[in-house]
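Trainee: File name target31.pdb; file contents PDB, C-alpha atoms; full text below.
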ATOM      1  CA  GLY A 232      79.557 118.473 102.254
ATOM      2  CA  GLN A 233      81.740 117.987  99.194
ATOM      3  CA  ARG A 234      79.292 116.577  96.652
ATOM      4  CA  HIS A 235      81.558 116.117  93.642
ATOM      5  CA  GLY A 236      84.173 113.640  94.901
ATOM      6  CA  ARG A 237      85.767 111.248  92.437
ATOM      7  CA  LEU A 238      87.961 108.158  92.502
ATOM      8  CA  LEU A 239      90.561 107.315  89.883
ATOM      9  CA  ASP A 240      89.418 103.851  88.754
ATOM     10  CA  GLY A 241      92.508 101.655  89.050
ATOM     11  CA  GLY A 242      94.541 104.351  90.783
ATOM     12  CA  TRP A 243      97.934 105.612  89.717
ATOM     13  CA  SER A 244      98.815 102.272  88.105
ATOM     14  CA  ALA A 245      95.868 102.534  85.708
ATOM     15  CA  TRP A 246      96.784 106.127  84.874
ATOM     16  CA  ARG A 247     100.280 105.014  83.953
ATOM     17  CA  ARG A 248      99.065 101.934  82.022
ATOM     18  CA  GLN A 249      96.881 104.227  79.933
ATOM     19  CA  ARG A 250      99.925 106.437  79.262
ATOM     20  CA  ARG A 251      98.154 109.515  80.512
ATOM     21  CA  PRO A 252     100.208 112.673  80.942
ATOM     22  CA  VAL A 253     102.366 113.105  84.039
ATOM     23  CA  SER A 254     104.692 115.880  85.107
ATOM     24  CA  THR A 255     107.168 116.590  87.850
ATOM     25  CA  GLU A 256     106.515 120.337  87.624
ATOM     26  CA  PRO A 257     104.800 121.830  90.669
ATOM     27  CA  LEU A 258     101.264 123.045  90.082
ATOM     28  CA  GLN A 259      99.822 126.331  91.272
ATOM     29  CA  PRO A 260      96.094 125.733  91.483
ATOM     30  CA  PRO A 261      93.936 128.828  91.571
ATOM     31  CA  ARG A 262      92.905 129.983  95.007
ATOM     32  CA  ALA A 263      89.402 128.993  95.963
ATOM     33  CA  GLU A 264      87.283 129.114  99.056
ATOM     34  CA  PHE A 265      85.706 125.924 100.331
ATOM     35  CA  VAL A 266      82.586 126.462 102.383
ATOM     36  CA  PRO A 267      81.767 123.322 104.373
ATOM     37  CA  ALA A 268      78.208 122.094 104.152
ATOM     38  CA  PRO A 269      77.908 119.327 106.765
ATOM     39  CA  ARG A 270      75.502 116.520 105.890
ATOM     40  CA  PRO A 271      74.430 114.856 109.155
ATOM     41  CA  GLU A 272      72.319 112.353 107.181
ATOM     42  CA  ALA A 273      75.580 110.841 105.860
ATOM     43  CA  ILE A 274      77.046 110.082 109.310
ATOM     44  CA  ALA A 275      76.104 107.634 112.039
ATOM     45  CA  ASP A 276      77.511 108.069 115.537
ATOM     46  CA  LEU A 277      77.421 105.656 118.466
ATOM     47  CA  ASP A 278      73.997 106.808 119.660
ATOM     48  CA  TRP A 279      72.535 106.493 116.164
ATOM     49  CA  MET A 280      73.984 102.982 115.814
ATOM     50  CA  ARG A 281      72.545 101.869 119.151
ATOM     51  CA  ALA A 282      69.142 103.287 118.269
ATOM     52  CA  HIS A 283      69.053 101.453 114.915
ATOM     53  CA  LEU A 284      70.604  98.066 115.766
ATOM     54  CA  ALA A 285      67.283  96.227 115.497
ATOM     55  CA  ASP A 286      65.838  98.433 112.737
ATOM     56  CA  ALA A 287      64.850  96.227 109.770
ATOM     57  CA  ALA A 288      65.002  99.280 107.493
ATOM     58  CA  VAL A 289      68.771  99.550 108.173
ATOM     59  CA  VAL A 290      71.509  97.218 106.985
ATOM     60  CA  ILE A 291      74.983  97.475 108.518
ATOM     61  CA  VAL A 292      77.882  96.663 106.202
ATOM     62  CA  ASP A 293      81.250  95.629 107.640
ATOM     63  CA  ALA A 294      83.938  96.544 105.078
ATOM     64  CA  ARG A 295      86.783  94.825 106.972
ATOM     65  CA  SER A 296      88.390  91.497 106.136
ATOM     66  CA  THR A 297      86.532  88.256 106.812
ATOM     67  CA  LEU A 298      89.006  87.424 109.592
ATOM     68  CA  GLU A 299      88.302  90.760 111.306
ATOM     69  CA  TYR A 300      84.549  90.249 110.894
ATOM     70  CA  ARG A 301      84.793  86.763 112.430
ATOM     71  CA  GLY A 302      86.882  88.071 115.350
ATOM     72  CA  VAL A 303      90.011  86.081 114.455
ATOM     73  CA  THR A 304      92.086  89.164 113.596
ATOM     74  CA  ARG A 305      91.695  91.977 116.139
ATOM     75  CA  TYR A 306      92.716  95.623 116.080
ATOM     76  CA  ALA A 307      90.623  96.532 119.123
ATOM     77  CA  ARG A 308      90.126  95.191 122.651
ATOM     78  CA  HIS A 309      87.269  92.981 121.418
ATOM     79  CA  GLY A 310      86.995  91.010 118.192
ATOM     80  CA  GLY A 311      83.962  90.337 116.065
ATOM     81  CA  HIS A 312      81.428  92.572 114.410
ATOM     82  CA  ILE A 313      78.393  94.705 115.144
ATOM     83  CA  PRO A 314      75.351  92.440 115.646
ATOM     84  CA  GLY A 315      73.467  91.853 112.426
ATOM     85  CA  ALA A 316      76.167  93.357 110.214
ATOM     86  CA  VAL A 317      76.827  91.747 106.855
ATOM     87  CA  SER A 318      80.390  91.185 105.680
ATOM     88  CA  MET A 319      81.491  92.786 102.400
ATOM     89  CA  ASN A 320      85.252  93.365 102.353
ATOM     90  CA  TRP A 321      85.800  96.586 100.415
ATOM     91  CA  GLN A 322      88.414  94.856  98.234
ATOM     92  CA  ARG A 323      85.665  92.740  96.695
ATOM     93  CA  HIS A 324      84.651  95.860  94.762
ATOM     94  CA  LEU A 325      87.815  95.549  92.685
ATOM     95  CA  ARG A 326      89.288  93.325  89.990
ATOM     96  CA  GLY A 327      92.885  92.099  90.167
ATOM     97  CA  ASP A 328      94.092  95.229  88.352
ATOM     98  CA  ARG A 329      92.420  97.362  91.082
ATOM     99  CA  THR A 330      89.696  98.692  88.758
ATOM    100  CA  PHE A 331      86.033  98.444  89.752
ATOM    101  CA  ARG A 332      84.023  95.356  88.965
ATOM    102  CA  THR A 333      80.902  96.097  86.955
ATOM    103  CA  ALA A 334      77.956  97.809  88.607
ATOM    104  CA  PRO A 335      75.596  94.863  87.855
ATOM    105  CA  GLU A 336      78.031  92.405  89.501
ATOM    106  CA  LEU A 337      78.420  94.542  92.601
ATOM    107  CA  ARG A 338      74.732  95.376  92.804
ATOM    108  CA  ALA A 339      73.852  91.652  92.705
ATOM    109  CA  GLU A 340      76.422  90.836  95.387
ATOM    110  CA  TYR A 341      75.144  93.577  97.684
ATOM    111  CA  GLU A 342      71.498  92.686  97.054
ATOM    112  CA  ALA A 343      72.248  89.071  98.028
ATOM    113  CA  LEU A 344      73.404  90.477 101.391
ATOM    114  CA  GLY A 345      70.198  92.508 101.820
ATOM    115  CA  VAL A 346      71.744  95.836 100.828
ATOM    116  CA  THR A 347      68.971  97.254  98.672
ATOM    117  CA  PRO A 348      67.678 100.714  97.728
ATOM    118  CA  GLY A 349      64.711 100.228 100.072
ATOM    119  CA  ARG A 350      66.983 100.051 103.137
ATOM    120  CA  GLU A 351      69.403 102.540 104.615
ATOM    121  CA  ALA A 352      72.975 101.228 104.498
ATOM    122  CA  VAL A 353      75.539 102.041 107.181
ATOM    123  CA  VAL A 354      79.163 101.186 106.435
ATOM    124  CA  TYR A 355      82.003 100.763 108.907
ATOM    125  CA  CYS A 356      85.486  99.265 109.153
ATOM    126  CA  GLN A 357      88.198  99.953 111.726
ATOM    127  CA  VAL A 358      88.406 103.757 111.357
ATOM    128  CA  LEU A 359      86.067 104.542 108.402
ATOM    129  CA  ALA A 360      88.926 104.503 105.860
ATOM    130  CA  ARG A 361      88.183 101.245 104.019
ATOM    131  CA  ALA A 362      84.474 101.821 104.529
ATOM    132  CA  ALA A 363      84.796 105.167 102.732
ATOM    133  CA  HIS A 364      85.395 103.074  99.603
ATOM    134  CA  SER A 365      82.237 101.119 100.405
ATOM    135  CA  TYR A 366      80.322 104.371 100.908
ATOM    136  CA  PHE A 367      81.499 105.624  97.517
ATOM    137  CA  THR A 368      80.644 102.288  95.875
ATOM    138  CA  LEU A 369      77.124 102.157  97.307
ATOM    139  CA  LYS A 370      76.440 105.721  96.189
ATOM    140  CA  TRP A 371      77.858 104.877  92.737
ATOM    141  CA  LEU A 372      75.471 101.892  92.620
ATOM    142  CA  GLY A 373      72.590 104.288  93.229
ATOM    143  CA  LEU A 374      71.665 103.604  96.840
ATOM    144  CA  PRO A 375      69.828 106.709  98.015
ATOM    145  CA  ARG A 376      70.545 106.439 101.760
ATOM    146  CA  VAL A 377      74.071 105.589 102.884
ATOM    147  CA  ARG A 378      75.820 106.556 106.127
ATOM    148  CA  GLY A 379      79.296 106.034 107.458
ATOM    149  CA  TYR A 380      79.660 105.024 111.114
ATOM    150  CA  ASP A 381      82.357 107.479 112.098
ATOM    151  CA  GLY A 382      83.482 105.662 115.247
ATOM    152  CA  SER A 383      83.640 102.330 113.415
ATOM    153  CA  TRP A 384      85.222  99.300 115.111
ATOM    154  CA  GLU A 385      87.814 101.537 116.781
ATOM    155  CA  GLU A 386      85.007 102.825 118.971
ATOM    156  CA  TRP A 387      82.606  99.844 119.027
ATOM    157  CA  GLY A 388      85.262  97.168 119.517
ATOM    158  CA  ASN A 389      87.092  99.008 122.292
ATOM    159  CA  ARG A 390      83.993  99.534 124.419
ATOM    160  CA  ASP A 391      82.716  97.053 126.977
ATOM    161  CA  ASP A 392      79.126  98.301 126.746
ATOM    162  CA  THR A 393      78.479  97.553 123.055
ATOM    163  CA  PRO A 394      77.179  94.164 121.884
ATOM    164  CA  LYS A 395      79.413  92.095 119.619
ATOM    165  CA  GLU A 396      79.011  88.964 117.529
ATOM    166  CA  ARG A 397      81.737  86.477 116.662
ATOM    167  CA  LEU A 398      81.690  83.579 114.251
TER     168      LEU A 398
END
Take the structure I supplied and represent it as structure tokens, if you would.
Mentor:
Amino acid sequence: GQRHGRLLDGGWSAWRRQRRPVSTEPLQPPRAEFVPAPRPEAIADLDWMRAHLADAAVVIVDARSTLEYRGVTRYARHGGHIPGAVSMNWQRHLRGDRTFRTAPELRAEYEALGVTPGREAVVYCQVLARAAHSYFTLKWLGLPRVRGYDGSWEEWGNRDDTPKERL
């Protein structure tokens, strides 16, 4: 339920390139209480994925590498991707210096894949780590309905009872 997450565009390298202040002194942040506010509309589980596989209002985005998507590289019992998923490697969000490409560039690339504001987007990768970047990016681009498939390929690709596609 944390609604104010941020990413450092370009990471630590960009911070250093910009000569921003750094310190080796330990910090003592003020104590605060975090009250979780779960947002079930931001998560897809296995049952949700099965129920929406053929739903034209949903687009599934595979944030893994092209070789993983095609089933050539495997980190699960089965290779491939979730049927109907589009491939958008999360690294395509970034320039060579690891900063974000422009919003219009990314929006056009996603729209060409059918990822539009009128559809609900569900992102996944192997364990929802790389896809977290895709989730952030899609929200940054203004998509109103984005979910992360929590089980990702770790769950889907290791099951024998889930459909898979390979290229």
Trainee: When you look at Thr368 (chain A) with a cut-off of 10 Å (counting all atoms listed in the file), what residues show up, excluding the ones that are within fewer than 4 positions of it in the same chain? I need them as a PyMOL selection string.
Mentor: chain A and resi 238+321+324+331+334+337-338+362-364+372-374
Trainee: Do you know which residues the PyMOL selection byres ((chain A and resi 276-292) around 6) returns on this file, as a compact mmCIF listing (two decimals) with C-alpha atoms, in the coordinates of the input?
Mentor:
# COMPACT_ATOMS: atom_id res chain seq x y z
CA ALA A 275 76.10 107.63 112.04
CA ASP A 293 81.25 95.63 107.64
CA ALA A 316 76.17 93.36 110.21
CA VAL A 317 76.83 91.75 106.86
CA ARG A 350 66.98 100.05 103.14
CA GLU A 351 69.40 102.54 104.62
CA ALA A 352 72.97 101.23 104.50
CA VAL A 353 75.54 102.04 107.18
CA VAL A 354 79.16 101.19 106.44
CA TYR A 380 79.66 105.02 111.11
CA ASP A 381 82.36 107.48 112.10
Trainee: Suppose you want the space between CA of Val358 (chain A) and CA of Glu386 (chain A); what is it in Å?
Mentor: 8.4 Å
Trainee: Would you mind reading off the distance between CA of Pro375 (chain A) and CA of Pro348 (chain A), one decimal, in Å?
Mentor: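 Going from CA of Pro375 (chain A) over to CA of Pro348 (chain A) covers 6.4 Å.
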Trainee: Measuring atom to atom with all atoms listed in the file, identify which of A:Arg376, A:Leu369, A:Val253, A:Pro260 is nearest to Glu342 (chain A).
Mentor: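 The shortest atom-to-atom distance to Glu342 (chain A) comes from A:Leu369.
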Trainee: Around region 381-393 of chain A, fit a box with edges along x, y and z, padding it by 3 Å on each side, then list its centre and edge lengths in Å to one decimal as lines of an AutoDock Vina configuration file.
Mentor:
center_x = 83.1
center_y = 102.3
center_z = 119.5
size_x = 15.3
size_y = 16.4
size_z = 20.9
Trainee: Could you list, as a ChimeraX atom specification, every residue within 12 Å of Gly327 (chain A), counting all atoms listed in the file and ignoring same-chain residues fewer than 6 positions away?
Mentor: /A:241,244-245
Trainee: If you apply the PyMOL selection byres ((chain A and resi 344) around 9) to this file, what residues do you get, as a ChimeraX atom specification?
Mentor: /A:290,317-319,339-343,345-347
Trainee: Limited to C-alpha atoms, could you put the picked residues into a file as an mmCIF file, in the coordinates of the input?
Mentor:
data_model
loop_
_atom_site.group_PDB
_atom_site.id
_atom_site.type_symbol
_atom_site.label_atom_id
_atom_site.label_comp_id
_atom_site.auth_asym_id
_atom_site.auth_seq_id
_atom_site.Cartn_x
_atom_site.Cartn_y
_atom_site.Cartn_z
ATOM 1 C CA VAL A 290 71.509 97.218 106.985
ATOM 2 C CA VAL A 317 76.827 91.747 106.855
ATOM 3 C CA SER A 318 80.390 91.185 105.680
ATOM 4 C CA MET A 319 81.491 92.786 102.400
ATOM 5 C CA ALA A 339 73.852 91.652 92.705
ATOM 6 C CA GLU A 340 76.422 90.836 95.387
ATOM 7 C CA TYR A 341 75.144 93.577 97.684
ATOM 8 C CA GLU A 342 71.498 92.686 97.054
ATOM 9 C CA ALA A 343 72.248 89.071 98.028
ATOM 10 C CA GLY A 345 70.198 92.508 101.820
ATOM 11 C CA VAL A 346 71.744 95.836 100.828
ATOM 12 C CA THR A 347 68.971 97.254 98.672
#
Trainee: Show which residues sit within 12 Å of Trp243 (chain A), as an NGL selection string. Count only C-alpha atoms, and ignore same-chain residues fewer than 3 positions away.
Mentor: :A and (238-240 or 246-253 or 328-330)
Trainee: Tell me, as a list in words, which residues lie within 9 Å of His309 (chain A), counting only C-alpha atoms; anything in the same chain fewer than 6 positions away does not count.
Mentor: Gly302, Trp387, Gly388, Asn389, Arg390, Asp391 and Lys395 of chain A
Trainee: Go ahead and save the picked residues with C-alpha atoms, as a PDB file, keeping the file's coordinate frame.
Mentor:
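Resulting contents of selection-v6.pdb:
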ATOM      1  CA  GLY A 302      86.882  88.071 115.350  1.00  0.00           C
ATOM      2  CA  TRP A 387      82.606  99.844 119.027  1.00  0.00           C
ATOM      3  CA  GLY A 388      85.262  97.168 119.517  1.00  0.00           C
ATOM      4  CA  ASN A 389      87.092  99.008 122.292  1.00  0.00           C
ATOM      5  CA  ARG A 390      83.993  99.534 124.419  1.00  0.00           C
ATOM      6  CA  ASP A 391      82.716  97.053 126.977  1.00  0.00           C
ATOM      7  CA  LYS A 395      79.413  92.095 119.619  1.00  0.00           C
TER       8      LYS A 395
END
Trainee: Which residues match the PyMOL selection byres ((chain A and resi 274) around 6) in the file above, as a PyMOL selection string?
Mentor: chain A and resi 271-273+275+378-380
Trainee: Please dump the current selection as a tab-separated table (two decimals), keeping the file's coordinate frame; keep C-alpha atoms.
Mentor:
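Result saved to part.tsv:
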chain	number	residue	atom	x	y	z
A	271	PRO	CA	74.43	114.86	109.16
A	272	GLU	CA	72.32	112.35	107.18
A	273	ALA	CA	75.58	110.84	105.86
A	275	ALA	CA	76.10	107.63	112.04
A	378	ARG	CA	75.82	106.56	106.13
A	379	GLY	CA	79.30	106.03	107.46
A	380	TYR	CA	79.66	105.02	111.11
Trainee: Find the distance between CA of Val377 (chain A) and CA of Gln233 (chain A) and write it in Å to one decimal.
Mentor: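 Atom-to-atom, CA of Val377 (chain A) to CA of Gln233 (chain A), that is 15.0 Å.
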Trainee: Taking into account all atoms listed in the file, which residue in the set A:Trp371, A:His312, A:Glu336, A:Gln322 is nearest to Thr393 (chain A)?
Mentor: A:His312
Trainee: Tell me, as JSON, numbers by chain, which residues lie within 12 Å of Leu398 (chain A), counting all atoms listed in the file; anything in the same chain fewer than 3 positions away does not count.
Mentor: {"A": [297, 298, 299, 300, 301, 302, 303, 304, 310, 311, 312, 313, 314, 315, 316, 318, 395]}
